[in-house]
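Chemist: What follows is upload.pdb; its format and atoms are PDB, C-alpha atoms.
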MODEL        1
ATOM      1  CA  MET A   1       0.000   0.000   0.000
ATOM      2  CA  ARG A   2       2.876   2.374   0.778
ATOM      3  CA  LEU A   3       4.407   1.654  -2.609
ATOM      4  CA  LEU A   4       1.181   2.583  -4.383
ATOM      5  CA  THR A   5       0.909   5.806  -2.378
ATOM      6  CA  THR A   6       4.540   6.704  -3.101
ATOM      7  CA  LEU A   7       4.131   6.035  -6.824
ATOM      8  CA  THR A   8       0.938   8.110  -6.911
ATOM      9  CA  VAL A   9       2.681  11.025  -5.222
ATOM     10  CA  ILE A  10       5.637  10.788  -7.612
ATOM     11  CA  LEU A  11       3.307  10.637 -10.629
ATOM     12  CA  ALA A  12       1.361  13.644  -9.350
ATOM     13  CA  LEU A  13       4.629  15.573  -8.893
ATOM     14  CA  VAL A  14       5.791  14.737 -12.416
ATOM     15  CA  ILE A  15       2.462  15.768 -13.919
ATOM     16  CA  GLY A  16       2.367  18.945 -11.817
ATOM     17  CA  MET A  17       5.907  19.894 -12.828
ATOM     18  CA  GLY A  18       5.017  19.280 -16.480
ATOM     19  CA  ILE A  19       1.992  21.547 -16.253
ATOM     20  CA  TRP A  20       4.023  24.225 -14.469
ATOM     21  CA  PHE A  21       6.807  23.983 -17.060
ATOM     22  CA  ASN A  22       4.384  24.293 -19.996
ATOM     23  CA  HIS A  23       2.655  27.283 -18.408
ATOM     24  CA  SER A  24       5.950  29.026 -17.598
ATOM     25  CA  LEU A  25       7.302  28.362 -21.070
ATOM     26  CA  GLN A  26       4.138  29.732 -22.676
ATOM     27  CA  THR A  27       4.223  32.849 -20.486
ATOM     28  CA  SER A  28       7.909  33.535 -21.136
ATOM     29  CA  SER A  29       7.600  33.058 -24.876
ATOM     30  CA  GLY A  30       4.536  35.331 -24.926
ATOM     31  CA  ASP A  31       6.470  38.097 -23.173
ATOM     32  CA  LEU A  32       9.346  37.731 -25.636
ATOM     33  CA  THR A  33       6.971  37.729 -28.610
ATOM     34  CA  ARG A  34       5.307  40.946 -27.428
ATOM     35  CA  GLN A  35       8.718  42.618 -27.120
ATOM     36  CA  ILE A  36       9.648  41.456 -30.635
ATOM     37  CA  GLN A  37       6.424  42.977 -31.965
ATOM     38  CA  LEU A  38       7.258  46.223 -30.174
ATOM     39  CA  VAL A  39      10.691  46.356 -31.812
ATOM     40  CA  SER A  40       9.136  45.591 -35.206
ATOM     41  CA  SER A  41       6.531  48.330 -34.890
ATOM     42  CA  THR A  42       9.143  50.950 -33.963
ATOM     43  CA  ILE A  43      11.252  49.904 -36.948
ATOM     44  CA  ARG A  44       8.231  50.246 -39.258
ATOM     45  CA  GLN A  45       7.785  53.781 -37.883
ATOM     46  CA  GLN A  46      11.481  54.469 -38.614
ATOM     47  CA  ASP A  47      12.073  55.364 -34.953
ATOM     48  CA  TRP A  48      15.557  53.888 -34.766
ATOM     49  CA  GLU A  49      16.561  55.265 -31.360
ATOM     50  CA  THR A  50      13.541  53.674 -29.738
ATOM     51  CA  ALA A  51      14.080  50.487 -31.755
ATOM     52  CA  VAL A  52      17.619  50.208 -30.390
ATOM     53  CA  LYS A  53      16.314  50.662 -26.839
ATOM     54  CA  HIS A  54      13.586  48.060 -27.391
ATOM     55  CA  SER A  55      16.034  45.596 -28.919
ATOM     56  CA  GLU A  56      18.314  46.003 -25.897
ATOM     57  CA  LYS A  57      15.306  45.413 -23.669
ATOM     58  CA  LEU A  58      14.497  42.316 -25.740
ATOM     59  CA  GLU A  59      17.991  40.985 -25.136
ATOM     60  CA  LYS A  60      17.713  41.609 -21.379
ATOM     61  CA  LEU A  61      14.267  40.025 -21.322
ATOM     62  CA  TRP A  62      15.683  36.971 -23.094
ATOM     63  CA  GLU A  63      18.453  36.631 -20.522
ATOM     64  CA  GLN A  64      15.939  37.024 -17.704
ATOM     65  CA  LYS A  65      13.107  34.819 -18.968
ATOM     66  CA  ALA A  66      15.054  32.061 -20.680
ATOM     67  CA  LYS A  67      17.786  31.420 -18.132
ATOM     68  CA  TRP A  68      16.029  28.235 -16.960
ATOM     69  CA  TRP A  69      15.112  26.977 -20.451
ATOM     70  CA  PRO A  70      18.371  25.046 -21.078
ATOM     71  CA  VAL A  71      17.502  22.710 -18.222
ATOM     72  CA  PHE A  72      14.549  21.389 -20.216
ATOM     73  CA  LEU A  73      15.190  22.332 -23.847
ATOM     74  CA  ASP A  74      17.562  21.487 -26.650
ATOM     75  CA  HIS A  75      20.671  23.645 -26.470
ATOM     76  CA  GLN A  76      20.860  23.953 -30.264
ATOM     77  CA  GLU A  77      17.567  25.847 -30.343
ATOM     78  CA  MET A  78      18.763  28.130 -27.573
ATOM     79  CA  ASP A  79      21.971  28.866 -29.489
ATOM     80  CA  ASN A  80      20.014  29.626 -32.662
ATOM     81  CA  ILE A  81      17.857  32.131 -30.793
ATOM     82  CA  GLU A  82      20.923  33.809 -29.287
ATOM     83  CA  PHE A  83      22.587  34.048 -32.720
ATOM     84  CA  SER A  84      19.398  35.553 -34.115
ATOM     85  CA  LEU A  85      19.269  38.087 -31.264
ATOM     86  CA  ALA A  86      22.834  39.130 -32.036
ATOM     87  CA  ARG A  87      21.944  39.660 -35.710
ATOM     88  CA  VAL A  88      18.857  41.682 -34.740
ATOM     89  CA  LYS A  89      20.969  43.925 -32.541
ATOM     90  CA  GLU A  90      23.431  44.629 -35.351
ATOM     91  CA  TYR A  91      20.747  45.144 -38.003
ATOM     92  CA  VAL A  92      18.850  47.582 -35.792
ATOM     93  CA  THR A  93      22.043  49.440 -34.886
ATOM     94  CA  SER A  94      22.915  49.788 -38.584
ATOM     95  CA  LYS A  95      19.332  50.949 -39.321
ATOM     96  CA  ASP A  96      18.633  48.277 -41.919
ATOM     97  CA  ASP A  97      14.874  47.899 -41.821
ATOM     98  CA  ALA A  98      14.519  44.971 -44.248
ATOM     99  CA  LEU A  99      17.108  42.782 -42.537
ATOM    100  CA  SER A 100      15.918  43.830 -39.063
ATOM    101  CA  LEU A 101      12.302  42.970 -39.777
ATOM    102  CA  GLY A 102      13.236  39.708 -41.466
ATOM    103  CA  GLN A 103      15.424  38.616 -38.577
ATOM    104  CA  LEU A 104      12.791  39.656 -36.021
ATOM    105  CA  SER A 105      10.224  37.584 -37.891
ATOM    106  CA  GLU A 106      12.537  34.564 -37.811
ATOM    107  CA  LEU A 107      13.245  35.110 -34.119
ATOM    108  CA  LYS A 108       9.529  35.327 -33.366
ATOM    109  CA  LEU A 109       8.871  32.055 -35.178
ATOM    110  CA  MET A 110      11.690  30.300 -33.301
ATOM    111  CA  ILE A 111      10.394  31.489 -29.936
ATOM    112  CA  GLU A 112       6.765  30.627 -30.736
ATOM    113  CA  HIS A 113       7.828  27.174 -31.930
ATOM    114  CA  ILE A 114       9.352  26.141 -28.609
ATOM    115  CA  PRO A 115       6.137  25.967 -26.508
ATOM    116  CA  ARG A 116       4.325  24.175 -29.345
ATOM    117  CA  LYS A 117       7.128  21.643 -29.625
ATOM    118  CA  GLU A 118       7.276  21.014 -25.875
ATOM    119  CA  ALA A 119       3.505  20.867 -25.308
ATOM    120  CA  VAL A 120       2.077  17.575 -24.110
ATOM    121  CA  ASN A 121      -0.256  16.323 -26.820
ATOM    122  CA  LEU A 122      -0.740  13.168 -28.866
ATOM    123  CA  GLU A 123       1.201  14.577 -31.802
ATOM    124  CA  ASN A 124       4.305  15.106 -29.659
ATOM    125  CA  ILE A 125       3.960  11.784 -27.846
ATOM    126  CA  PHE A 126       3.730   9.635 -30.962
TER     127      PHE A 126
ENDMDL
END
Hey, can you dump this file as structure tokens for me?
Modeler:
Amino acid sequence: MRLLTTLTVILALVIGMGIWFNHSLQTSSGDLTRQIQLVSSTIRQQDWETAVKHSEKLEKLWEQKAKWWPVFLDHQEMDNIEFSLARVKEYVTSKDDALSLGQLSELKLMIEHIPRKEAVNLENIF
């Protein structure tokens, strides 16, 4: 009977941690996506000083929100996002709107892809 109780508690903890992880990942990626959209909108308005500030804030937000992601996620994806952030920073600094917007769009897709990939559903299980 104790074994069954212990296994039930462990299963409940694993399921609870999974739910917490998915929620936290979704929240963090949503915050990052909103900041990317903010940078994009300031670039479309040709407000480069504000775009630089927002891109710096995006980089800080990434460091803050995603510091725990490598524990659960593939490091290659994390590296790709960091490389993309570095390109965004340089494109915004050089005031290249086409490359900046293109790289921001790619970055947004990479960040939005992570919660979908890690979500618990039948597609990801099988």
Chemist: For the provided coordinates, the residues matched by the PyMOL selection byres ((chain A and resi 55) around 9) should be stated as a list in words.
Modeler: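 On this input, the PyMOL selection byres ((chain A and resi 55) around 9) captures Gln35, Ile36, Leu38, Val39, Thr50, Ala51, Val52, Lys53, His54, Glu56, Lys57, Leu58, Glu59, Lys60, Leu85, Val88, Lys89 and Val92 of chain A.
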Chemist: For a quick check of understanding, using only C-alpha atoms, which of A:Gln45, A:Leu104, A:Ala12, A:Ile114 has the smallest distance to Phe83 (chain A)?
Modeler: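 Closest residue, counting only C-alpha atoms: A:Leu104.
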Chemist: For Arg116 (chain A), which residue out of A:Leu99, A:Ala66, A:Met78, A:Leu25 is the nearest one, using only C-alpha atoms?
Modeler: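 Under the stated criterion, the closest residue is A:Leu25.
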Chemist: Quick one, how far is CA of Pro70 (chain A) from CA of Thr6 (chain A)?
Modeler: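 Straight-line distance from CA of Pro70 (chain A) to CA of Thr6 (chain A) works out to 29.2 Å.
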Chemist: Please determine, counting all atoms listed in the file, which residue among A:Gln37, A:Lys65, A:Val14, A:Asp31 has the shortest atom-to-atom distance to Ser105 (chain A).
Modeler: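 With all atoms listed in the file as the atom set, the closest residue is A:Gln37.
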Chemist: Expressed in Å to a single decimal, how great is the separation between CA of Arg44 (chain A) and CA of Ile81 (chain A)?
Modeler: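 One can read the CA of Arg44 (chain A) to CA of Ile81 (chain A) distance as 22.2 Å.
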Chemist: In Å to one decimal, how far is CA of Ile111 (chain A) from CA of Leu13 (chain A)?
Modeler: 27.0 Å
Chemist: Between A:Leu107, A:Ile43, A:Thr5, A:Met17, single out the one closest to Glu77 (chain A), counting only C-alpha atoms.
Modeler: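 That would be A:Leu107, the residue with the smallest distance to Glu77 (chain A).
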Chemist: Under the PyMOL selection byres ((chain A and resi 24) around 12), which residues of this model are included? Write them out as JSON, numbers by chain.
Modeler: {"A": [17, 18, 19, 20, 21, 22, 23, 25, 26, 27, 28, 29, 30, 31, 65, 66, 68, 69, 72, 114, 115, 118, 119]}
Chemist: From the list A:Asp97, A:Glu82, A:Glu49, A:Glu90, which residue is nearest Lys67 (chain A) when using only C-alpha atoms?
Modeler: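 With only C-alpha atoms as the atom set, the closest residue is A:Glu82.
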